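> What follows is work.csv, made up of CSV, C-alpha atoms:
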```
chain,number,residue,atom,x,y,z
A,1,MET,CA,20.7,12.8,-19.9
A,2,ALA,CA,18.4,11.3,-17.2
A,3,HIS,CA,15.2,9.6,-18.2
A,4,ARG,CA,12.1,11.4,-17.0
A,5,ALA,CA,11.2,8.4,-14.8
A,6,ASP,CA,14.6,8.7,-12.9
A,7,ILE,CA,14.0,12.3,-11.8
A,8,ILE,CA,13.5,12.5,-8.1
A,9,GLY,CA,12.9,16.2,-8.1
A,10,LYS,CA,13.1,19.2,-10.4
A,11,ALA,CA,12.8,22.9,-9.8
A,12,THR,CA,13.3,26.3,-11.4
A,13,ALA,CA,14.4,29.4,-9.5
A,14,ARG,CA,15.2,32.9,-10.6
A,15,ALA,CA,17.3,35.7,-9.2
A,16,PRO,CA,17.6,39.4,-10.3
A,17,GLY,CA,20.6,41.0,-11.8
A,18,SER,CA,21.8,44.5,-10.9
A,19,CYS,CA,23.0,47.8,-12.2
A,20,GLY,CA,26.3,47.7,-10.3
A,21,GLU,CA,25.8,48.8,-6.7
A,22,LEU,CA,24.4,51.8,-4.9
A,23,VAL,CA,27.4,51.9,-2.5
A,24,GLN,CA,30.6,49.9,-2.2
A,25,GLY,CA,33.6,50.2,0.1
A,26,MET,CA,35.0,49.3,3.5
A,27,LEU,CA,33.9,50.3,7.0
A,28,HIS,CA,35.6,49.2,10.2
A,29,GLY,CA,37.7,46.7,8.4
A,30,ASP,CA,34.8,45.0,6.7
A,31,TYR,CA,34.2,45.1,2.9
A,32,PHE,CA,30.6,45.9,1.9
A,33,LEU,CA,28.3,46.7,-0.9
A,34,VAL,CA,24.7,47.9,-1.1
A,35,SER,CA,22.8,46.1,-3.9
A,36,CYS,CA,20.9,47.7,-6.8
A,37,PRO,CA,18.7,44.8,-8.0
A,38,ILE,CA,16.8,45.4,-11.3
A,39,ASP,CA,14.0,43.6,-13.1
A,40,LEU,CA,16.2,41.4,-15.3
A,41,TYR,CA,16.4,37.8,-14.1
A,42,SER,CA,18.6,34.8,-14.4
A,43,SER,CA,16.8,31.5,-14.1
A,44,ALA,CA,18.2,28.0,-13.3
A,45,THR,CA,16.5,24.6,-13.6
A,46,VAL,CA,17.9,21.7,-11.7
A,47,ALA,CA,16.8,18.0,-12.0
A,48,VAL,CA,18.1,15.5,-9.5
A,49,THR,CA,18.4,11.8,-10.2
A,50,PRO,CA,20.0,8.8,-8.5
A,51,GLY,CA,23.8,8.9,-8.9
A,52,SER,CA,27.0,9.8,-7.2
A,53,GLY,CA,27.2,13.5,-6.8
A,54,ARG,CA,27.9,14.4,-10.4
A,55,VAL,CA,26.7,17.7,-11.8
A,56,ASN,CA,26.1,18.2,-15.5
A,57,ALA,CA,26.1,21.8,-16.5
A,58,PRO,CA,26.8,24.1,-19.4
A,59,VAL,CA,30.5,24.2,-20.2
A,60,ASP,CA,30.5,28.0,-19.8
A,61,ALA,CA,29.0,27.9,-16.3
A,62,PRO,CA,31.7,26.4,-14.0
A,63,LYS,CA,30.7,28.7,-11.1
A,64,SER,CA,27.0,27.6,-11.2
A,65,ARG,CA,28.1,24.0,-11.5
A,66,GLN,CA,30.2,24.4,-8.4
A,67,ALA,CA,27.2,26.0,-6.6
A,68,VAL,CA,25.0,23.0,-7.4
A,69,SER,CA,27.7,20.7,-6.1
A,70,LEU,CA,28.1,22.7,-2.9
A,71,THR,CA,24.3,22.6,-2.3
A,72,LEU,CA,24.2,18.8,-2.8
A,73,SER,CA,27.0,18.4,-0.3
A,74,LEU,CA,25.4,20.7,2.2
A,75,PHE,CA,22.4,18.4,2.3
A,76,GLY,CA,24.5,15.3,2.3
A,77,ARG,CA,23.1,14.2,-1.1
A,78,ASP,CA,26.2,12.7,-2.7
A,79,ASP,CA,23.9,9.8,-3.7
A,80,LEU,CA,22.3,12.1,-6.3
A,81,ASP,CA,23.3,13.6,-9.7
A,82,ALA,CA,22.1,16.9,-10.9
A,83,GLN,CA,21.4,18.3,-14.3
A,84,LEU,CA,21.6,22.2,-14.5
A,85,SER,CA,20.3,24.5,-17.2
A,86,LEU,CA,20.5,28.3,-17.2
A,87,SER,CA,18.8,31.1,-18.9
A,88,SER,CA,19.8,34.8,-18.5
A,89,PRO,CA,19.6,38.1,-20.4
A,90,LEU,CA,22.4,39.5,-18.3
A,91,PRO,CA,25.7,40.3,-20.0
A,92,ARG,CA,28.9,38.9,-18.3
A,93,GLY,CA,31.8,41.0,-17.0
A,94,LYS,CA,29.8,44.2,-16.8
A,95,GLY,CA,29.0,44.4,-13.1
A,96,MET,CA,25.4,43.4,-13.6
A,97,ALA,CA,25.6,40.4,-11.2
A,98,SER,CA,25.3,37.9,-13.9
A,99,SER,CA,27.4,35.3,-12.1
A,100,THR,CA,25.8,36.0,-8.7
A,101,ALA,CA,22.3,35.7,-10.2
A,102,ASP,CA,23.2,32.4,-12.0
A,103,VAL,CA,24.8,31.0,-8.9
A,104,SER,CA,22.0,32.1,-6.5
A,105,ALA,CA,19.3,30.7,-8.8
A,106,ALA,CA,21.2,27.4,-9.2
A,107,ILE,CA,21.5,27.0,-5.4
A,108,ALA,CA,17.9,27.8,-4.9
A,109,ALA,CA,16.8,25.4,-7.7
A,110,THR,CA,18.9,22.6,-6.3
A,111,ALA,CA,17.6,23.1,-2.8
A,112,ALA,CA,14.0,23.2,-4.1
A,113,ALA,CA,14.5,20.1,-6.2
A,114,LEU,CA,15.6,18.4,-2.9
A,115,GLY,CA,12.4,19.5,-1.2
A,116,THR,CA,13.7,22.3,0.9
A,117,ASP,CA,12.1,25.7,1.6
A,118,VAL,CA,15.0,27.8,0.3
A,119,ASP,CA,13.1,31.1,0.4
A,120,LYS,CA,13.4,31.2,4.1
A,121,SER,CA,17.2,31.2,4.1
A,122,PRO,CA,18.6,33.8,1.8
A,123,THR,CA,21.6,34.2,4.1
A,124,GLU,CA,22.4,30.5,3.5
A,125,ILE,CA,22.3,31.2,-0.3
A,126,ALA,CA,24.7,34.1,0.3
A,127,ARG,CA,27.0,31.9,2.3
A,128,LEU,CA,27.2,29.3,-0.4
A,129,ALA,CA,27.5,31.8,-3.2
A,130,LEU,CA,30.5,33.4,-1.4
A,131,GLN,CA,32.2,30.0,-1.4
A,132,VAL,CA,32.2,30.3,-5.2
A,133,GLU,CA,33.3,33.9,-5.6
A,134,PRO,CA,32.9,37.4,-4.2
A,135,SER,CA,29.1,38.1,-4.7
A,136,ASP,CA,26.6,40.8,-5.0
A,137,GLY,CA,23.7,40.9,-2.4
A,138,ILE,CA,20.9,40.3,-4.9
A,139,MET,CA,19.9,37.0,-3.1
A,140,LEU,CA,18.9,39.0,0.0
A,141,PRO,CA,15.5,40.6,0.2
A,142,GLY,CA,15.0,44.3,-0.6
A,143,ILE,CA,18.0,46.6,-0.9
A,144,ALA,CA,20.7,44.7,1.0
A,145,MET,CA,24.1,45.3,2.5
A,146,LEU,CA,26.6,42.4,2.1
A,147,ASP,CA,30.2,41.9,2.8
A,148,HIS,CA,30.9,40.6,-0.7
A,149,LYS,CA,34.2,38.9,0.3
A,150,GLN,CA,33.9,37.4,3.8
A,151,GLY,CA,30.1,37.5,4.5
A,152,ASN,CA,30.6,39.3,7.8
A,153,ILE,CA,27.7,41.6,7.0
A,154,ALA,CA,24.5,40.3,5.4
A,155,LYS,CA,21.4,42.4,6.1
A,156,THR,CA,18.4,44.0,4.4
A,157,LEU,CA,18.2,47.8,4.6
A,158,GLY,CA,14.6,47.9,3.4
A,159,SER,CA,12.5,48.0,0.3
A,160,PRO,CA,13.4,50.5,-2.5
A,161,PRO,CA,11.1,53.4,-3.2
A,162,PRO,CA,9.7,53.3,-6.8
A,163,MET,CA,12.7,54.0,-9.0
A,164,ARG,CA,14.2,53.3,-12.4
A,165,VAL,CA,17.7,53.1,-13.6
A,166,VAL,CA,19.0,53.6,-17.1
A,167,VAL,CA,21.9,51.2,-17.4
A,168,LEU,CA,24.8,52.3,-19.7
A,169,ASP,CA,27.2,49.8,-21.2
A,170,PHE,CA,30.2,51.3,-22.8
A,171,GLY,CA,31.8,47.9,-23.7
A,172,GLY,CA,34.7,46.1,-22.1
A,173,ASP,CA,34.5,43.8,-19.1
A,174,VAL,CA,36.1,43.2,-15.7
A,175,ASP,CA,37.2,39.9,-14.2
A,176,THR,CA,35.5,40.0,-10.8
A,177,LEU,CA,37.8,37.4,-9.3
A,178,ALA,CA,40.9,39.2,-10.4
A,179,PHE,CA,39.7,42.6,-9.4
A,180,ASN,CA,38.7,41.4,-5.9
A,181,GLY,CA,42.0,39.6,-5.5
A,182,VAL,CA,44.0,42.8,-5.4
A,183,ASN,CA,44.5,44.3,-2.0
A,184,ARG,CA,43.2,47.9,-2.0
A,185,ASP,CA,42.7,48.3,1.8
A,186,GLY,CA,44.9,51.4,2.0
A,187,ALA,CA,42.8,53.3,-0.6
A,188,LEU,CA,39.6,52.0,0.9
A,189,ASN,CA,40.5,53.2,4.4
A,190,ARG,CA,41.4,56.6,3.1
A,191,LEU,CA,37.9,56.9,1.5
A,192,ARG,CA,36.1,55.8,4.7
A,193,THR,CA,34.4,59.2,5.2
A,194,ASP,CA,33.0,59.1,1.7
A,195,PHE,CA,31.7,55.5,2.2
A,196,GLU,CA,30.1,56.5,5.6
A,197,GLU,CA,28.3,59.5,4.0
A,198,ALA,CA,27.2,57.5,0.9
A,199,LEU,CA,25.8,54.7,3.1
A,200,ARG,CA,24.1,57.2,5.4
A,201,LEU,CA,22.3,58.9,2.5
A,202,VAL,CA,21.2,55.6,0.9
A,203,GLU,CA,19.9,54.3,4.3
A,204,GLN,CA,18.1,57.5,4.9
A,205,GLY,CA,16.5,57.4,1.4
A,206,ILE,CA,15.3,53.8,1.9
A,207,ARG,CA,13.8,54.7,5.3
A,208,SER,CA,12.0,57.8,4.0
A,209,GLY,CA,11.3,56.6,0.5
A,210,SER,CA,13.4,59.4,-1.0
A,211,ALA,CA,14.9,58.6,-4.4
A,212,GLU,CA,16.8,61.9,-4.1
A,213,ASP,CA,18.8,60.8,-1.1
A,214,ILE,CA,19.5,57.4,-2.6
A,215,GLY,CA,20.7,59.1,-5.8
A,216,ALA,CA,22.9,61.4,-3.7
A,217,GLY,CA,24.5,58.5,-1.8
A,218,ALA,CA,25.1,56.5,-4.9
A,219,THR,CA,26.7,59.4,-6.7
A,220,ARG,CA,29.0,60.0,-3.7
A,221,SER,CA,30.1,56.3,-3.9
A,222,ALA,CA,30.6,56.4,-7.6
A,223,ILE,CA,32.9,59.4,-7.4
A,224,ALA,CA,34.9,58.0,-4.5
A,225,ASN,CA,35.4,54.7,-6.4
A,226,GLN,CA,37.1,56.5,-9.3
A,227,GLN,CA,40.2,56.1,-7.2
A,228,LEU,CA,39.8,52.3,-7.2
A,229,LEU,CA,38.4,51.6,-10.7
A,230,TYR,CA,38.4,54.7,-13.0
A,231,LYS,CA,35.6,55.1,-15.4
A,232,PRO,CA,36.4,57.7,-18.0
A,233,GLN,CA,32.7,58.3,-18.9
A,234,LEU,CA,31.5,59.1,-15.3
A,235,GLU,CA,31.8,62.9,-15.5
A,236,THR,CA,30.0,63.0,-18.9
A,237,VAL,CA,27.3,60.7,-17.6
A,238,MET,CA,26.8,62.9,-14.5
A,239,ARG,CA,26.3,66.0,-16.7
A,240,LEU,CA,23.8,64.2,-18.8
A,241,ALA,CA,22.0,62.9,-15.7
A,242,ASP,CA,21.6,66.5,-14.5
A,243,ASP,CA,20.2,67.5,-17.8
A,244,VAL,CA,17.6,64.8,-18.0
A,245,GLY,CA,16.3,65.0,-14.5
A,246,ALA,CA,18.0,62.0,-12.9
A,247,VAL,CA,18.3,62.0,-9.1
A,248,GLY,CA,21.9,60.7,-9.3
A,249,VAL,CA,24.2,58.2,-10.9
A,250,ASN,CA,25.6,54.8,-9.7
A,251,ALA,CA,28.4,52.5,-10.9
A,252,ALA,CA,29.5,48.9,-11.1
A,253,HIS,CA,32.3,49.3,-8.7
A,254,SER,CA,34.0,46.1,-9.9
A,255,GLY,CA,32.5,46.3,-13.4
A,256,THR,CA,32.0,48.6,-16.4
A,257,VAL,CA,28.4,49.8,-16.4
A,258,LEU,CA,27.1,53.1,-15.1
A,259,GLY,CA,23.5,54.0,-14.2
A,260,MET,CA,21.4,57.1,-14.2
A,261,LEU,CA,18.9,56.9,-11.3
A,262,PHE,CA,15.3,58.2,-11.6
A,263,GLU,CA,12.1,58.3,-9.7
A,264,ASP,CA,9.7,55.8,-11.3
A,265,ASP,CA,9.0,58.0,-14.3
A,266,ASN,CA,9.3,56.1,-17.5
A,267,ALA,CA,8.9,59.2,-19.7
A,268,LEU,CA,12.0,60.7,-18.0
A,269,ALA,CA,13.9,57.5,-18.3
A,270,GLU,CA,13.0,57.0,-22.0
A,271,ASN,CA,14.1,60.6,-22.7
A,272,ALA,CA,17.4,59.8,-21.0
A,273,VAL,CA,17.8,56.7,-23.2
A,274,SER,CA,17.3,58.8,-26.3
A,275,ARG,CA,19.7,61.5,-25.1
A,276,ALA,CA,22.3,58.9,-24.2
A,277,TRP,CA,22.3,57.3,-27.6
A,278,GLU,CA,22.7,60.8,-29.2
A,279,SER,CA,25.4,62.2,-26.9
A,280,LEU,CA,27.5,59.4,-25.2
A,281,PHE,CA,30.5,58.3,-27.2
A,282,GLY,CA,31.2,54.6,-27.3
A,283,ILE,CA,27.8,53.5,-25.9
A,284,GLU,CA,27.0,49.9,-26.8
A,285,ARG,CA,23.9,48.9,-24.9
A,286,ILE,CA,21.3,50.7,-22.8
A,287,TYR,CA,18.7,49.2,-20.5
A,288,ASN,CA,15.8,51.1,-19.0
A,289,ARG,CA,14.8,49.0,-15.9
A,290,ARG,CA,13.0,49.2,-12.6
A,291,ILE,CA,14.9,48.9,-9.3
A,292,VAL,CA,13.3,46.0,-7.4
A,293,GLY,CA,13.8,44.2,-4.2
A,294,GLY,CA,16.3,41.4,-4.2
A,295,GLY,CA,15.7,37.8,-3.3
A,296,VAL,CA,15.6,34.4,-5.0
A,297,THR,CA,12.3,32.9,-6.0
A,298,THR,CA,11.4,29.3,-6.7
A,299,ILE,CA,9.0,29.5,-9.6
A,300,GLU,CA,8.3,25.8,-10.4
A,301,THR,CA,8.9,22.5,-8.6
A,302,SER,CA,8.0,18.9,-9.6
A,303,GLY,CA,8.9,15.4,-8.6
A,304,LYS,CA,8.8,13.3,-5.5
A,305,GLN,CA,11.0,15.4,-3.2
A,306,GLU,CA,11.3,14.4,0.4
A,307,GLU,CA,10.7,17.3,2.8
A,308,ALA,CA,13.9,18.6,4.4
A,309,THR,CA,14.6,21.0,7.2
A,310,LEU,CA,18.3,21.7,6.6
A,311,TRP,CA,18.2,25.4,5.9
A,312,GLN,CA,19.0,26.2,9.5
A,313,ARG,CA,21.5,28.8,10.7
```
Is it possible to give me this structure as structure tokens?

Amino acid sequence: MAHRADIIGKATARAPGSCGELVQGMLHGDYFLVSCPIDLYSSATVAVTPGSGRVNAPVDAPKSRQAVSLTLSLFGRDDLDAQLSLSSPLPRGKGMASSTADVSAAIAATAAALGTDVDKSPTEIARLALQVEPSDGIMLPGIAMLDHKQGNIAKTLGSPPPMRVVVLDFGGDVDTLAFNGVNRDGALNRLRTDFEEALRLVEQGIRSGSAEDIGAGATRSAIANQQLLYKPQLETVMRLADDVGAVGVNAAHSGTVLGMLFEDDNALAENAVSRAWESLFGIERIYNRRIVGGGVTTIETSGKQEEATLWQR
């Protein structure tokens, strides 16, 4: 553990988790997903000290440790060590972007501890995160579209209208690396029409502020992806969503959770939570959260960092 006097810079950053994705698939040979960020955040604190490029991190956070190491290397700071700590309410293996949020926050905290203005380069955070593993687009502002494997697409579609999502966790988990390591290009190409329509509806909903269009697009994508990762509870959740006034459903396309999407009406969402506990077999956890814009935020910095201008494309 470094002595306080040895610390050159220290920073804390946070990144949102997600309720799966609004859309995920393949278009024109490129993989893509459309993020569904929610107001549950992972935070990372990084302190940098003189050293030789070593990263001390929690033993259960090898991905975030790698992210810090990549960030130090990006800035040519192999003369420093880093101490990483993480805090997150996001469960792992569910499709709630727990790893991406940890990794993105760790990258941002490391960069800020080095004195860089990380908030101006979310695409650089995405590029580094994709070197660690296939990633959600929660590090990009607003509702974002990201090629979660190769990074060929990375753009913001716009800000979400006021919406809530009731996140349903039926247990189990999915290994994201293993899932994304399987070639499903044939099935993805056969579903291209569904992905095009789902994306069109979500983009239209973002432009017009229509939660209904976003819900319709997300539902189309969730149904299409049953051919890729089947969720036995989807039809039951869709019926409940209709009964409780949701505008649609969405899914963690490489995870286990499902979501019921609402306009920003907490009374409707809370009623849906009660109904879900009563009627859904096997439910383990439920979260009633707002959908928010993505992006990583530096929330605290200290130390004697030197200004750097290395976040250039």
> What is the atom CA of A:Lys94-atom CA of A:Leu229 distance in Å, reported with one decimal?
12.9 Å
> Take the point (21.3, 45.7, -9.7) as written in the file and pick out every residue within 9 Å of it, counting all atoms listed in the file; give the list as a PDB file with C-alpha atoms, in the coordinates of the input.

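This went into part.pdb:
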```pdb
ATOM      1  CA  PRO A  16      17.600  39.400 -10.300  1.00  0.00           C
ATOM      2  CA  GLY A  17      20.600  41.000 -11.800  1.00  0.00           C
ATOM      3  CA  SER A  18      21.800  44.500 -10.900  1.00  0.00           C
ATOM      4  CA  CYS A  19      23.000  47.800 -12.200  1.00  0.00           C
ATOM      5  CA  GLY A  20      26.300  47.700 -10.300  1.00  0.00           C
ATOM      6  CA  GLU A  21      25.800  48.800  -6.700  1.00  0.00           C
ATOM      7  CA  LEU A  22      24.400  51.800  -4.900  1.00  0.00           C
ATOM      8  CA  SER A  35      22.800  46.100  -3.900  1.00  0.00           C
ATOM      9  CA  CYS A  36      20.900  47.700  -6.800  1.00  0.00           C
ATOM     10  CA  PRO A  37      18.700  44.800  -8.000  1.00  0.00           C
ATOM     11  CA  ILE A  38      16.800  45.400 -11.300  1.00  0.00           C
ATOM     12  CA  ASP A  39      14.000  43.600 -13.100  1.00  0.00           C
ATOM     13  CA  LEU A  40      16.200  41.400 -15.300  1.00  0.00           C
ATOM     14  CA  GLY A  95      29.000  44.400 -13.100  1.00  0.00           C
ATOM     15  CA  MET A  96      25.400  43.400 -13.600  1.00  0.00           C
ATOM     16  CA  ALA A  97      25.600  40.400 -11.200  1.00  0.00           C
ATOM     17  CA  ASP A 136      26.600  40.800  -5.000  1.00  0.00           C
ATOM     18  CA  ILE A 138      20.900  40.300  -4.900  1.00  0.00           C
ATOM     19  CA  ALA A 252      29.500  48.900 -11.100  1.00  0.00           C
ATOM     20  CA  ILE A 291      14.900  48.900  -9.300  1.00  0.00           C
ATOM     21  CA  VAL A 292      13.300  46.000  -7.400  1.00  0.00           C
ATOM     22  CA  GLY A 294      16.300  41.400  -4.200  1.00  0.00           C
TER      23      GLY A 294
END
```
> Taking all atoms of stretch 284-290 of chain A that appear in the file, build a box with edges along x, y and z, extend it by 5 Å on every side, and state its centre and edge lengths in Å to one decimal, as AutoDock Vina command-line options.

```
--center_x 20.0 --center_y 50.0 --center_z -19.7 --size_x 24.0 --size_y 12.2 --size_z 24.2
```
> At a cut-off of 12 Å, using all atoms listed in the file, what residues contact A:Ala187? Leave out same-chain residues fewer than 5 positions from it and give the result as an MDAnalysis selection string.
chainID A and resid 25:26 182 192:195 224:229
> Rank A:Ala105, A:Ile143, A:Leu74, A:Ala251 by their smallest atom-to-atom distance to A:Tyr230, using all atoms listed in the file, and report the top residue only.
A:Ala251
> Please write as a tab-separated table (two decimals) with C-alpha atoms, keeping the file's coordinate frame the list of polymer residues whose atoms come within 12 Å of (15.6, 59.1, 2.9), counting all atoms listed in the file and keeping to the coordinates of the file.

```tsv
chain	number	residue	atom	x	y	z
A	157	LEU	CA	18.20	47.80	4.60
A	158	GLY	CA	14.60	47.90	3.40
A	159	SER	CA	12.50	48.00	0.30
A	160	PRO	CA	13.40	50.50	-2.50
A	161	PRO	CA	11.10	53.40	-3.20
A	198	ALA	CA	27.20	57.50	0.90
A	199	LEU	CA	25.80	54.70	3.10
A	200	ARG	CA	24.10	57.20	5.40
A	201	LEU	CA	22.30	58.90	2.50
A	202	VAL	CA	21.20	55.60	0.90
A	203	GLU	CA	19.90	54.30	4.30
A	204	GLN	CA	18.10	57.50	4.90
A	205	GLY	CA	16.50	57.40	1.40
A	206	ILE	CA	15.30	53.80	1.90
A	207	ARG	CA	13.80	54.70	5.30
A	208	SER	CA	12.00	57.80	4.00
A	209	GLY	CA	11.30	56.60	0.50
A	210	SER	CA	13.40	59.40	-1.00
A	211	ALA	CA	14.90	58.60	-4.40
A	212	GLU	CA	16.80	61.90	-4.10
A	213	ASP	CA	18.80	60.80	-1.10
A	214	ILE	CA	19.50	57.40	-2.60
A	215	GLY	CA	20.70	59.10	-5.80
A	216	ALA	CA	22.90	61.40	-3.70
A	217	GLY	CA	24.50	58.50	-1.80
```
> Using all atoms listed in the file, which of the listed residues (A:Ser104, A:Ser43, A:Ser88, A:Thr49) sits closest to A:Val68?
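The shortest atom-to-atom distance to A:Val68 comes from A:Ser104.
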> Would you please work out which residue, of A:Val257, A:Ala15, A:Ala154, A:Val23, is nearest to A:Ile107 when using only C-alpha atoms?
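Looking at the shortest contact to A:Ile107, the residue is A:Ala15.
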> Between atom CA of A:Ser52 and atom CA of A:Leu128, what is the distance in Å, rounded to a tenth?
20.7 Å
> Would you list the contacts of A:Gly151 as a PyMOL selection string, taking every protein, DNA or RNA residue within 9 Å and counting all atoms listed in the file, but skipping same-chain residues closer than 5 positions in sequence?
chain A and resi 31-32+126-127+130+146
> From the set A:Val244, A:Ala57, A:Val237, A:Ala113, which residue has the shortest atom-to-atom contact distance to A:Ile283, counting all atoms listed in the file?
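Under the stated criterion, the closest residue is A:Val237.
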> Which one of A:Ser42, A:Ser73, A:Asn271, A:Ser121 sits closest to A:Val103 if you count only C-alpha atoms?
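The closest residue to A:Val103 is A:Ser42.
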> Could you state the separation of atom CA of A:Leu168 and atom CA of A:Arg290 in Å, given to one decimal place?
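Calculated distance between atom CA of A:Leu168 and atom CA of A:Arg290 is 14.1 Å.
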